[in-house]
>>> print(open('my_file_16.cif').read())   # mmCIF, C-alpha atoms
data_query
loop_
_atom_site.label_atom_id
_atom_site.label_comp_id
_atom_site.auth_asym_id
_atom_site.auth_seq_id
_atom_site.Cartn_x
_atom_site.Cartn_y
_atom_site.Cartn_z
CA MET O 290 67.24 -116.76 91.60
CA LYS O 291 64.98 -115.50 88.83
CA PRO O 292 62.56 -113.17 90.58
CA LEU O 293 61.15 -111.72 87.36
CA VAL O 294 59.32 -114.83 86.27
CA PRO O 295 57.17 -115.62 89.35
CA THR O 296 56.42 -111.92 89.75
CA LEU O 297 55.41 -111.67 86.16
CA ALA O 298 53.33 -114.84 86.34
CA ALA O 299 51.53 -113.54 89.42
CA GLU O 300 51.01 -110.20 87.73
CA LEU O 301 49.59 -111.94 84.69
CA ASN O 302 47.12 -113.84 86.83
CA GLY O 303 45.91 -110.62 88.38
CA ASP O 304 45.98 -108.32 85.37
CA ARG O 305 44.31 -109.51 82.20
CA THR O 306 44.64 -106.12 80.56
CA MET O 307 48.43 -106.24 80.26
CA PRO O 308 49.44 -106.23 76.59
CA THR O 309 50.39 -109.77 75.63
CA ILE O 310 51.62 -111.64 72.58
CA ARG O 311 51.07 -115.37 72.19
CA ALA O 312 54.17 -117.05 70.76
CA GLU O 313 53.46 -119.05 67.62
CA PRO O 314 55.46 -121.71 65.77
CA LEU O 315 57.99 -120.28 63.33
CA THR O 316 56.98 -121.02 59.73
CA PRO O 317 58.35 -119.55 56.47
CA ARG O 318 54.93 -118.18 55.55
CA ALA O 319 54.30 -116.41 58.85
CA PHE O 320 57.87 -115.12 58.97
CA ALA O 321 58.02 -113.93 55.33
CA PRO O 322 57.40 -110.23 56.10
CA PHE O 323 60.39 -110.23 58.43
CA GLY O 324 62.99 -112.60 57.05
CA ASP O 325 63.99 -116.12 56.08
CA VAL O 326 63.64 -119.38 57.99
CA LEU O 327 66.88 -121.33 57.59
CA ASP O 328 66.25 -125.04 57.93
CA ALA O 329 66.50 -128.40 56.19
CA THR O 330 63.06 -128.41 54.57
CA GLY O 331 62.01 -128.03 50.95
CA ASP O 332 64.21 -128.54 47.92
CA PHE O 333 67.77 -129.76 48.26
CA ARG O 334 70.59 -131.07 46.13
CA LEU O 335 72.53 -134.18 47.10
CA ILE O 336 76.29 -133.72 47.45
CA ASN O 337 79.20 -135.81 48.78
CA ASP O 338 78.19 -139.05 47.04
CA GLY O 339 74.61 -138.71 48.25
CA LEU O 340 75.56 -138.49 51.93
CA CYS O 341 74.68 -134.80 52.40
CA GLN O 342 71.62 -132.74 51.53
CA ARG O 343 72.36 -129.13 50.57
CA TYR O 344 69.47 -126.68 51.08
CA HIS O 345 70.98 -124.05 48.89
CA ASP O 346 71.31 -120.30 49.38
CA ARG O 347 68.43 -119.87 51.79
CA ALA O 348 69.02 -116.36 53.13
CA LYS O 349 68.48 -113.00 51.47
CA LEU O 350 71.72 -111.40 52.59
CA ASP O 351 71.79 -107.65 52.03
CA PHE O 352 74.55 -105.41 53.23
CA GLY O 353 73.69 -102.27 51.36
CA PRO O 354 75.85 -100.29 49.00
CA GLU O 355 78.69 -99.62 51.46
CA THR O 356 80.85 -102.49 50.27
CA SER O 357 84.01 -100.40 50.12
CA TYR O 358 84.26 -100.02 53.88
CA ALA O 359 81.93 -102.69 55.26
CA HIS O 360 81.87 -106.44 54.95
CA GLN O 361 79.83 -109.41 56.01
CA GLY O 362 81.20 -111.29 58.99
CA ILE O 363 80.53 -114.21 61.30
CA SER O 364 80.43 -113.51 65.03
CA ILE O 365 79.53 -115.80 67.92
CA PHE O 366 76.91 -114.64 70.42
CA ASN O 367 76.52 -116.14 73.88
CA ALA O 368 73.27 -114.83 75.40
CA GLU O 369 71.64 -115.35 78.79
CA PRO O 370 68.66 -117.69 78.52
CA ARG O 371 65.24 -116.16 79.22
CA SER O 372 61.94 -117.85 80.11
CA LEU O 373 58.28 -117.51 79.20
CA PRO O 374 56.33 -115.44 80.02
CA TYR O 375 58.92 -112.93 78.79
CA ARG O 376 58.54 -109.19 79.12
CA PHE O 377 60.24 -106.64 76.84
CA ASP O 378 59.90 -102.98 75.95
CA LEU O 379 62.72 -102.54 73.44
CA ILE O 380 63.00 -103.35 69.75
CA GLU O 381 65.82 -102.47 67.39
CA ARG O 382 66.76 -102.61 63.75
CA HIS O 383 69.83 -102.44 61.57
CA PRO O 384 69.21 -100.15 58.60
CA GLN O 385 72.41 -101.13 56.81
CA GLY O 386 72.29 -104.89 56.85
CA SER O 387 70.51 -108.19 57.24
CA GLN O 388 71.30 -110.27 60.32
CA ALA O 389 71.20 -114.07 60.54
CA PHE O 390 70.98 -116.01 63.81
CA LEU O 391 72.12 -119.61 63.56
CA PRO O 392 71.66 -121.57 66.79
CA MET O 393 74.62 -123.77 67.74
CA THR O 394 72.39 -126.02 69.85
CA ALA O 395 69.17 -127.92 69.13
CA ASN O 396 67.21 -125.80 71.61
CA PRO O 397 64.22 -123.70 70.50
CA PHE O 398 64.59 -119.93 70.87
CA LEU O 399 62.23 -116.99 70.85
CA VAL O 400 62.08 -114.58 67.90
CA ILE O 401 60.36 -111.21 68.37
CA VAL O 402 59.76 -109.04 65.31
CA ALA O 403 57.54 -106.12 64.37
CA VAL O 404 56.41 -104.59 61.08
CA SER O 405 56.84 -101.17 62.69
CA PRO O 406 56.90 -99.66 66.18
CA GLU O 407 53.23 -98.75 65.72
CA THR O 408 52.00 -102.33 65.15
CA LYS O 409 51.66 -105.21 67.58
CA PRO O 410 54.87 -107.28 67.56
CA ASN O 411 54.93 -110.96 66.58
CA ALA O 412 56.61 -113.65 68.65
CA PHE O 413 57.78 -116.93 67.12
CA LEU O 414 59.17 -120.05 68.71
CA THR O 415 61.66 -122.08 66.67
CA ASN O 416 61.47 -125.87 66.58
CA GLY O 417 65.10 -126.56 67.50
CA ALA O 418 66.27 -127.06 63.91
CA GLN O 419 65.73 -123.56 62.50
CA GLY O 420 67.86 -120.48 62.13
CA ILE O 421 66.59 -117.14 60.94
CA ASN O 422 67.79 -114.31 58.73
CA LEU O 423 66.25 -110.92 59.50
CA HIS O 424 65.96 -108.84 56.38
CA ARG O 425 67.71 -105.48 56.34
CA GLY O 426 65.86 -102.95 58.46
CA THR O 427 63.49 -105.42 60.20
CA TRP O 428 62.45 -104.38 63.70
CA HIS O 429 63.25 -107.14 66.19
CA GLY O 430 63.78 -107.90 69.85
CA VAL O 431 67.17 -108.77 71.26
CA LEU O 432 68.42 -112.34 71.04
CA THR O 433 66.32 -114.47 73.41
CA PRO O 434 67.40 -118.07 73.86
CA LEU O 435 65.24 -120.10 76.22
CA HIS O 436 67.91 -122.61 77.25
CA ALA O 437 71.59 -122.57 78.18
CA PRO O 438 73.96 -122.27 76.48
CA GLY O 439 72.50 -119.44 74.39
CA LEU O 440 75.09 -119.95 71.70
CA PHE O 441 74.56 -118.60 68.17
CA ALA O 442 76.59 -117.88 65.07
CA VAL O 443 75.55 -114.50 63.69
CA VAL O 444 76.10 -113.36 60.11
CA ASP O 445 75.82 -109.60 59.91
CA ARG O 446 77.39 -106.42 58.65
CA ILE O 447 80.75 -105.36 60.00
CA GLY O 448 81.54 -101.71 59.42
CA PRO O 449 82.21 -98.34 61.02
CA THR O 450 78.96 -96.55 60.15
CA PRO O 451 76.00 -96.41 62.58
CA ASN O 452 73.76 -99.41 62.03
CA LEU O 453 71.44 -99.50 65.04
CA GLU O 454 68.08 -97.84 65.69
CA GLU O 455 66.17 -98.53 68.89
CA TYR O 456 62.56 -98.02 69.88
CA ARG O 457 61.23 -98.27 73.42
CA TYR O 458 57.52 -98.97 73.98
CA THR O 459 55.78 -96.83 76.58
CA GLU O 460 54.31 -100.01 78.08
CA PRO O 461 56.08 -103.39 78.02
CA TRP O 462 54.78 -106.37 76.04
CA THR O 463 54.58 -109.83 77.56
CA VAL O 464 55.17 -112.92 75.43
CA LEU O 465 53.15 -115.95 76.51
CA ALA O 466 53.93 -119.60 75.77
CA PRO O 467 52.07 -121.05 72.76
CA MET H 176 73.32 -151.95 59.68
CA LYS H 177 76.75 -150.34 59.49
CA PRO H 178 79.06 -153.09 58.18
CA LEU H 179 81.95 -150.73 57.46
CA VAL H 180 82.74 -150.06 61.08
CA PRO H 181 83.16 -153.59 62.48
CA THR H 182 84.97 -154.64 59.31
CA LEU H 183 87.27 -151.68 59.58
CA ALA H 184 87.86 -152.28 63.28
CA ALA H 185 88.74 -155.92 62.61
CA GLU H 186 90.99 -154.86 59.76
CA LEU H 187 92.71 -152.35 62.02
CA ASN H 188 93.39 -155.04 64.59
CA GLY H 189 94.99 -157.23 61.98
CA ASP H 190 96.86 -154.63 59.93
CA ARG H 191 99.00 -152.14 61.78
CA THR H 192 100.54 -150.83 58.59
CA MET H 193 97.33 -149.17 57.32
CA PRO H 194 97.84 -145.40 57.16
CA THR H 195 96.08 -143.83 60.12
CA ILE H 196 95.47 -140.38 61.55
CA ARG H 197 94.76 -139.84 65.23
CA ALA H 198 92.02 -137.24 65.72
CA GLU H 199 93.07 -134.38 67.99
CA PRO H 200 91.09 -131.68 69.80
CA LEU H 201 90.33 -128.64 67.65
CA THR H 202 92.24 -125.59 68.88
CA PRO H 203 92.81 -122.22 67.16
CA ARG H 204 96.57 -122.71 67.19
CA ALA H 205 96.53 -126.18 65.64
CA PHE H 206 93.87 -125.13 63.11
CA ALA H 207 95.51 -121.82 62.11
CA PRO H 208 97.09 -123.12 58.87
CA PHE H 209 93.66 -124.21 57.67
CA GLY H 210 91.08 -121.75 58.97
CA ASP H 211 89.33 -120.16 61.93
CA VAL H 212 87.77 -121.76 65.00
CA LEU H 213 84.43 -120.04 65.62
CA ASP H 214 83.52 -120.22 69.29
CA ALA H 215 82.75 -118.17 72.40
CA THR H 216 86.29 -117.91 73.74
CA GLY H 217 88.66 -114.96 73.94
CA ASP H 218 87.71 -111.30 73.74
CA PHE H 219 84.09 -110.23 73.55
CA ARG H 220 81.99 -107.11 73.83
CA LEU H 221 78.85 -107.03 75.96
CA ILE H 222 75.64 -106.04 74.13
CA ASN H 223 71.92 -106.05 74.93
CA ASP H 224 72.26 -104.48 78.39
CA GLY H 225 74.99 -106.91 79.31
CA LEU H 226 72.92 -110.00 78.60
CA CYS H 227 74.82 -111.10 75.50
CA GLN H 228 78.51 -111.59 74.76
CA ARG H 229 79.52 -110.80 71.17
CA TYR H 230 82.69 -112.52 69.94
CA HIS H 231 83.14 -110.22 67.03
CA ASP H 232 84.01 -110.94 63.41
CA ARG H 233 85.75 -114.25 63.97
CA ALA H 234 86.01 -115.60 60.43
CA LYS H 235 88.29 -114.60 57.58
CA LEU H 236 85.69 -114.62 54.84
CA ASP H 237 87.16 -114.46 51.37
CA PHE H 238 85.17 -114.80 48.19
CA GLY H 239 87.74 -113.65 45.71
CA PRO H 240 87.45 -110.89 43.16
CA GLU H 241 84.35 -112.21 41.40
CA THR H 242 81.87 -110.07 43.30
CA SER H 243 79.97 -109.00 40.21
CA TYR H 244 78.51 -112.42 39.59
CA ALA H 245 79.05 -114.28 42.87
CA HIS H 246 77.88 -113.66 46.40
CA GLN H 247 78.20 -115.08 49.85
CA GLY H 248 75.24 -117.17 50.98
CA ILE H 249 73.91 -119.27 53.81
CA SER H 250 72.87 -122.83 53.05
CA ILE H 251 71.76 -125.62 55.37
CA PHE H 252 73.50 -129.00 55.15
CA ASN H 253 72.03 -132.21 56.53
CA ALA H 254 74.71 -134.91 56.44
CA GLU H 255 74.69 -138.59 57.37
CA PRO H 256 76.51 -139.19 60.65
CA ARG H 257 79.74 -141.21 60.44
CA SER H 258 81.62 -143.04 63.18
CA LEU H 259 85.21 -143.57 64.24
CA PRO H 260 87.32 -145.23 63.01
CA TYR H 261 86.46 -143.41 59.77
CA ARG H 262 88.01 -144.22 56.43
CA PHE H 263 88.31 -141.75 53.55
CA ASP H 264 90.24 -141.39 50.32
CA LEU H 265 88.91 -138.08 49.00
CA ILE H 266 89.72 -134.48 49.81
CA GLU H 267 88.50 -131.36 48.06
CA ARG H 268 88.98 -127.61 48.01
CA HIS H 269 87.20 -124.50 46.83
CA PRO H 270 89.66 -122.19 45.05
CA GLN H 271 87.20 -119.29 44.85
CA GLY H 272 85.94 -119.00 48.41
CA SER H 273 86.16 -119.69 52.11
CA GLN H 274 83.60 -122.05 53.61
CA ALA H 275 82.24 -121.92 57.17
CA PHE H 276 80.53 -124.84 58.89
CA LEU H 277 78.33 -123.85 61.84
CA PRO H 278 76.86 -126.84 63.69
CA MET H 279 73.17 -126.45 64.59
CA THR H 280 73.53 -128.98 67.41
CA ALA H 281 75.88 -129.28 70.38
CA ASN H 282 77.40 -132.50 69.03
CA PRO H 283 81.11 -132.74 68.21
CA PHE H 284 82.02 -133.33 64.57
CA LEU H 285 85.10 -134.43 62.70
CA VAL H 286 87.17 -132.00 60.64
CA ILE H 287 89.68 -133.37 58.15
CA VAL H 288 92.11 -130.96 56.49
CA ALA H 289 95.40 -131.14 54.64
CA VAL H 290 98.13 -128.66 53.79
CA SER H 291 98.39 -130.32 50.38
CA PRO H 292 97.60 -133.69 48.80
CA GLU H 293 101.24 -134.65 49.31
CA THR H 294 101.22 -134.23 53.11
CA LYS H 295 99.58 -136.34 55.80
CA PRO H 296 96.10 -134.97 56.55
CA ASN H 297 95.09 -133.67 59.99
CA ALA H 298 91.91 -134.74 61.78
CA PHE H 299 90.31 -132.57 64.46
CA LEU H 300 87.41 -133.24 66.78
CA THR H 301 85.29 -130.25 67.83
CA ASN H 302 84.14 -129.88 71.43
CA GLY H 303 80.44 -129.36 70.68
CA ALA H 304 80.58 -125.56 70.88
CA GLN H 305 82.81 -124.78 67.91
CA GLY H 306 82.21 -123.96 64.28
CA ILE H 307 84.96 -123.65 61.69
CA ASN H 308 85.74 -121.45 58.72
CA LEU H 309 87.98 -123.03 56.11
CA HIS H 310 90.15 -120.45 54.42
CA ARG H 311 89.86 -120.12 50.67
CA GLY H 312 91.57 -123.00 48.91
CA THR H 313 92.07 -125.21 51.98
CA TRP H 314 92.05 -128.95 51.24
CA HIS H 315 89.45 -130.71 53.40
CA GLY H 316 87.40 -133.85 53.75
CA VAL H 317 83.65 -133.86 53.23
CA LEU H 318 81.37 -132.84 56.11
CA THR H 319 81.55 -135.59 58.76
CA PRO H 320 79.16 -135.27 61.68
CA LEU H 321 79.42 -138.05 64.25
CA HIS H 322 75.85 -137.79 65.56
CA ALA H 323 72.37 -137.36 64.11
CA PRO H 324 71.07 -134.95 63.03
CA GLY H 325 74.10 -133.81 61.06
CA LEU H 326 72.68 -130.32 60.68
CA PHE H 327 74.92 -127.36 59.78
CA ALA H 328 74.59 -123.83 58.51
CA VAL H 329 77.19 -123.24 55.83
CA VAL H 330 78.45 -119.84 54.71
CA ASP H 331 80.11 -120.12 51.34
CA ARG H 332 80.37 -118.71 47.86
CA ILE H 333 77.36 -118.85 45.57
CA GLY H 334 78.21 -118.38 41.92
CA PRO H 335 78.26 -119.96 38.47
CA THR H 336 82.01 -120.50 38.05
CA PRO H 337 83.72 -123.83 38.90
CA ASN H 338 84.75 -123.83 42.54
CA LEU H 339 85.61 -127.43 43.34
CA GLU H 340 88.83 -129.40 43.01
CA GLU H 341 89.05 -132.99 44.22
CA TYR H 342 91.98 -135.26 45.02
CA ARG H 343 91.74 -139.00 45.57
CA TYR H 344 94.44 -140.78 47.57
CA THR H 345 95.76 -144.03 46.09
CA GLU H 346 95.33 -145.65 49.51
CA PRO H 347 92.61 -144.63 52.00
CA TRP H 348 93.39 -142.98 55.34
CA THR H 349 91.75 -144.11 58.56
CA VAL H 350 90.93 -141.63 61.31
CA LEU H 351 91.17 -143.06 64.81
CA ALA H 352 89.48 -141.72 67.94
CA PRO H 353 91.68 -139.48 70.11
#
>>> encode(input="my_file_16.cif", output="structure tokens")
Amino acid sequence: MKPLVPTLAAELNGDRTMPTIRAEPLTPRAFAPFGDVLDATGDFRLINDGLCQRYHDRAKLDFGPETSYAHQGISIFNAEPRSLPYRFDLIERHPQGSQAFLPMTANPFLVIVAVSPETKPNAFLTNGAQGINLHRGTWHGVLTPLHAPGLFAVVDRIGPTPNLEEYRYTEPWTVLAP
Amino acid sequence: MKPLVPTLAAELNGDRTMPTIRAEPLTPRAFAPFGDVLDATGDFRLINDGLCQRYHDRAKLDFGPETSYAHQGISIFNAEPRSLPYRFDLIERHPQGSQAFLPMTANPFLVIVAVSPETKPNAFLTNGAQGINLHRGTWHGVLTPLHAPGLFAVVDRIGPTPNLEEYRYTEPWTVLAP
């Protein structure tokens, strides 16, 4: 079924030296070095005869100077759900554009980011009513929903030029539940 | 509590001449004159070591020629849930930009659109795993979730120039359940 998780849990019990990251709640302040939290908190304007709150222009979208041959697009991602503890050894970044992940379910998902490949990554857990926008060039883990369906709308750069850098850690990190 | 609904239901029973619209399932073909259905169907590319399906660049985003002083943004909308039968007499459109509605829950929502103020509007019901992108200038009803929370990410034009036209019907329409 899912052999990785029991194995990993057993391994964790036996090996306290394995590099771990404790997931923490996603907040705008903690996430500020990496991107924007997109949710219905803070200031809003009322529209539609008072029946709708608009939390206006919440993401710093940035698609670089290549506007003549690139554009911003909306794609739908459907990702396999993972579970905690979650092990990873790969991070990536997109030098030419920001990337927003907007969950299409009310399920929390895991967000892994890093200031650089040399620093300890951060792991955040959303509250089920938050999307994120990764600022251009932010190192991050791959999309990691924790529940099925792992359905997201993604706003990112569409264009022909290379826009992916990857970094593989020599030893994997393990993300633990909060 | 919600007096409109029982009153409207009673009225519907007594008055069969009231102008009604039967909601229909949202499909790309039926929605094509109005916009794009954003969902995880059709062609995809596998990314992230095969763990994620990317349904690529699904929306026709169009923000007109005013790029020097306008940009595309992501806002969060939190709208009051409505119920069926649903009565409305107002439609609107945004002449300067497309507008995408990405539900942040798995709940179906109601989409009202019209080819023009002179034609009978269409009402679509999403299946709980669909977002929509209204093409630039498409006449549409206000955001109408059918469940709480009515939480959506919205990708639309941010700019200082007027971008809203409204039309009020002389007699309200009533949307009936499929």
>>> closest_residue(input="my_file_16.cif", among="O:Val444, O:Leu465, O:Val402, O:Ala348", to="chain H", atoms="only C-alpha atoms")
O:Ala348
>>> closest_residue(input="my_file_16.cif", among="H:Leu285, H:Ala198, H:Ala215, H:Leu318", to="Phe252 (chain H)", atoms="only C-alpha atoms")
H:Leu318
>>> interface_residues(input="my_file_16.cif", of="chain H", to="chain O", cutoff="7 Å", atoms="all atoms listed in the file", output="number ranges by chain")
H: 213-215, 223, 226-234, 236, 248-255, 277-281, 304, 317
>>> calpha_fit_and_write(input="my_file_16.cif", fixed="chain O", moving="chain H", output="compact mmCIF listing (two decimals) with C-alpha atoms, in the coordinates of the input")
# COMPACT_ATOMS: atom_id res chain seq x y z
CA MET H 176 67.20 -116.71 91.58
CA LYS H 177 64.90 -115.46 88.83
CA PRO H 178 62.41 -113.15 90.60
CA LEU H 179 61.04 -111.68 87.38
CA VAL H 180 59.27 -114.82 86.30
CA PRO H 181 57.13 -115.63 89.36
CA THR H 182 56.37 -111.94 89.81
CA LEU H 183 55.36 -111.65 86.21
CA ALA H 184 53.27 -114.82 86.38
CA ALA H 185 51.46 -113.53 89.47
CA GLU H 186 50.96 -110.18 87.79
CA LEU H 187 49.55 -111.90 84.72
CA ASN H 188 47.06 -113.79 86.85
CA GLY H 189 45.86 -110.58 88.42
CA ASP H 190 45.94 -108.26 85.41
CA ARG H 191 44.32 -109.45 82.22
CA THR H 192 44.64 -106.06 80.58
CA MET H 193 48.45 -106.19 80.28
CA PRO H 194 49.42 -106.22 76.60
CA THR H 195 50.41 -109.75 75.65
CA ILE H 196 51.64 -111.63 72.61
CA ARG H 197 51.08 -115.36 72.20
CA ALA H 198 54.19 -117.05 70.77
CA GLU H 199 53.47 -119.05 67.63
CA PRO H 200 55.47 -121.70 65.76
CA LEU H 201 58.00 -120.27 63.32
CA THR H 202 57.00 -121.03 59.73
CA PRO H 203 58.35 -119.55 56.46
CA ARG H 204 54.94 -118.18 55.54
CA ALA H 205 54.30 -116.42 58.84
CA PHE H 206 57.89 -115.13 58.96
CA ALA H 207 58.03 -113.93 55.33
CA PRO H 208 57.41 -110.23 56.10
CA PHE H 209 60.40 -110.24 58.43
CA GLY H 210 63.02 -112.61 57.03
CA ASP H 211 64.00 -116.14 56.07
CA VAL H 212 63.63 -119.39 57.99
CA LEU H 213 66.89 -121.33 57.59
CA ASP H 214 66.25 -125.05 57.93
CA ALA H 215 66.50 -128.41 56.16
CA THR H 216 63.07 -128.41 54.56
CA GLY H 217 62.01 -128.03 50.94
CA ASP H 218 64.21 -128.54 47.90
CA PHE H 219 67.77 -129.76 48.24
CA ARG H 220 70.59 -131.08 46.11
CA LEU H 221 72.53 -134.19 47.09
CA ILE H 222 76.31 -133.73 47.43
CA ASN H 223 79.20 -135.80 48.77
CA ASP H 224 78.20 -139.05 47.03
CA GLY H 225 74.65 -138.69 48.25
CA LEU H 226 75.58 -138.47 51.91
CA CYS H 227 74.70 -134.81 52.37
CA GLN H 228 71.63 -132.75 51.50
CA ARG H 229 72.36 -129.13 50.56
CA TYR H 230 69.48 -126.69 51.05
CA HIS H 231 70.99 -124.05 48.88
CA ASP H 232 71.32 -120.31 49.39
CA ARG H 233 68.43 -119.88 51.80
CA ALA H 234 69.03 -116.37 53.12
CA LYS H 235 68.48 -113.01 51.48
CA LEU H 236 71.71 -111.39 52.58
CA ASP H 237 71.79 -107.66 52.05
CA PHE H 238 74.54 -105.38 53.24
CA GLY H 239 73.66 -102.27 51.34
CA PRO H 240 75.83 -100.27 49.00
CA GLU H 241 78.67 -99.62 51.44
CA THR H 242 80.87 -102.48 50.28
CA SER H 243 84.02 -100.39 50.12
CA TYR H 244 84.27 -100.01 53.87
CA ALA H 245 81.94 -102.68 55.25
CA HIS H 246 81.87 -106.44 54.94
CA GLN H 247 79.81 -109.39 55.99
CA GLY H 248 81.19 -111.30 58.96
CA ILE H 249 80.54 -114.20 61.28
CA SER H 250 80.44 -113.53 65.00
CA ILE H 251 79.54 -115.81 67.89
CA PHE H 252 76.92 -114.65 70.40
CA ASN H 253 76.52 -116.15 73.86
CA ALA H 254 73.29 -114.85 75.39
CA GLU H 255 71.65 -115.36 78.77
CA PRO H 256 68.67 -117.70 78.51
CA ARG H 257 65.25 -116.16 79.21
CA SER H 258 61.97 -117.85 80.10
CA LEU H 259 58.31 -117.50 79.22
CA PRO H 260 56.36 -115.44 80.04
CA TYR H 261 58.94 -112.91 78.82
CA ARG H 262 58.55 -109.18 79.15
CA PHE H 263 60.24 -106.64 76.87
CA ASP H 264 59.90 -102.98 75.98
CA LEU H 265 62.71 -102.55 73.45
CA ILE H 266 63.00 -103.36 69.77
CA GLU H 267 65.81 -102.47 67.40
CA ARG H 268 66.76 -102.62 63.74
CA HIS H 269 69.83 -102.46 61.56
CA PRO H 270 69.20 -100.15 58.59
CA GLN H 271 72.42 -101.12 56.81
CA GLY H 272 72.30 -104.91 56.85
CA SER H 273 70.50 -108.20 57.24
CA GLN H 274 71.30 -110.28 60.31
CA ALA H 275 71.21 -114.08 60.52
CA PHE H 276 71.00 -116.01 63.79
CA LEU H 277 72.15 -119.64 63.54
CA PRO H 278 71.66 -121.59 66.78
CA MET H 279 74.64 -123.79 67.73
CA THR H 280 72.39 -126.03 69.82
CA ALA H 281 69.17 -127.92 69.10
CA ASN H 282 67.21 -125.81 71.59
CA PRO H 283 64.24 -123.70 70.49
CA PHE H 284 64.59 -119.93 70.87
CA LEU H 285 62.24 -116.99 70.84
CA VAL H 286 62.09 -114.57 67.92
CA ILE H 287 60.36 -111.23 68.38
CA VAL H 288 59.75 -109.05 65.32
CA ALA H 289 57.54 -106.13 64.36
CA VAL H 290 56.40 -104.61 61.09
CA SER H 291 56.84 -101.19 62.69
CA PRO H 292 56.89 -99.68 66.19
CA GLU H 293 53.24 -98.75 65.72
CA THR H 294 52.01 -102.33 65.16
CA LYS H 295 51.67 -105.21 67.60
CA PRO H 296 54.87 -107.29 67.58
CA ASN H 297 54.94 -110.97 66.59
CA ALA H 298 56.62 -113.67 68.67
CA PHE H 299 57.79 -116.94 67.12
CA LEU H 300 59.18 -120.07 68.70
CA THR H 301 61.69 -122.09 66.66
CA ASN H 302 61.48 -125.88 66.57
CA GLY H 303 65.12 -126.56 67.48
CA ALA H 304 66.28 -127.06 63.89
CA GLN H 305 65.74 -123.58 62.48
CA GLY H 306 67.88 -120.50 62.11
CA ILE H 307 66.59 -117.14 60.93
CA ASN H 308 67.80 -114.32 58.73
CA LEU H 309 66.27 -110.94 59.49
CA HIS H 310 65.95 -108.84 56.37
CA ARG H 311 67.70 -105.49 56.34
CA GLY H 312 65.85 -102.97 58.47
CA THR H 313 63.50 -105.43 60.20
CA TRP H 314 62.45 -104.39 63.71
CA HIS H 315 63.26 -107.15 66.21
CA GLY H 316 63.77 -107.91 69.86
CA VAL H 317 67.17 -108.77 71.27
CA LEU H 318 68.44 -112.36 71.03
CA THR H 319 66.32 -114.49 73.40
CA PRO H 320 67.41 -118.09 73.85
CA LEU H 321 65.25 -120.11 76.22
CA HIS H 322 67.93 -122.63 77.23
CA ALA H 323 71.60 -122.57 78.18
CA PRO H 324 73.98 -122.27 76.47
CA GLY H 325 72.51 -119.46 74.38
CA LEU H 326 75.11 -119.96 71.68
CA PHE H 327 74.58 -118.60 68.15
CA ALA H 328 76.59 -117.88 65.05
CA VAL H 329 75.56 -114.52 63.67
CA VAL H 330 76.11 -113.36 60.10
CA ASP H 331 75.82 -109.61 59.90
CA ARG H 332 77.38 -106.42 58.65
CA ILE H 333 80.76 -105.35 59.99
CA GLY H 334 81.54 -101.71 59.41
CA PRO H 335 82.20 -98.33 61.01
CA THR H 336 78.95 -96.55 60.15
CA PRO H 337 75.98 -96.40 62.58
CA ASN H 338 73.75 -99.41 62.04
CA LEU H 339 71.43 -99.50 65.03
CA GLU H 340 68.09 -97.85 65.69
CA GLU H 341 66.17 -98.55 68.89
CA TYR H 342 62.55 -98.03 69.88
CA ARG H 343 61.21 -98.26 73.42
CA TYR H 344 57.52 -98.98 73.99
CA THR H 345 55.77 -96.82 76.59
CA GLU H 346 54.30 -99.99 78.10
CA PRO H 347 56.09 -103.38 78.04
CA TRP H 348 54.78 -106.36 76.07
CA THR H 349 54.60 -109.83 77.58
CA VAL H 350 55.17 -112.92 75.45
CA LEU H 351 53.17 -115.94 76.53
CA ALA H 352 53.95 -119.58 75.77
CA PRO H 353 52.06 -121.03 72.78
>>> closest_residue(input="my_file_16.cif", among="H:Phe238, H:Phe284, H:Tyr244, H:Tyr344", to="Glu267 (chain H)", atoms="all atoms listed in the file")
H:Tyr344
>>> closest_residue(input="my_file_16.cif", among="H:Thr202, H:Ser291, H:Ser258, H:Thr345", to="Thr313 (chain H)", atoms="all atoms listed in the file")
H:Ser291
>>> atom_distance(input="my_file_16.cif", atom1="CA of Thr349 (chain H)", atom2="CA of Gly272 (chain H)")
27.7 Å
>>> resolve_selection(input="my_file_16.cif", expression="the PyMOL selection byres ((chain H and resi 296) around 10)", output="list in words")
Thr195, Ile196, Ile266, Ile287, Val288, Ala289, Val290, Ser291, Pro292, Glu293, Thr294, Lys295, Asn297, Ala298, Trp314, His315, Gly316, Trp348 and Val350 of chain H
>>> closest_residue(input="my_file_16.cif", among="H:Pro283, H:Leu309, H:Phe276, H:Pro270", to="Glu341 (chain H)", atoms="all atoms listed in the file")
H:Pro270
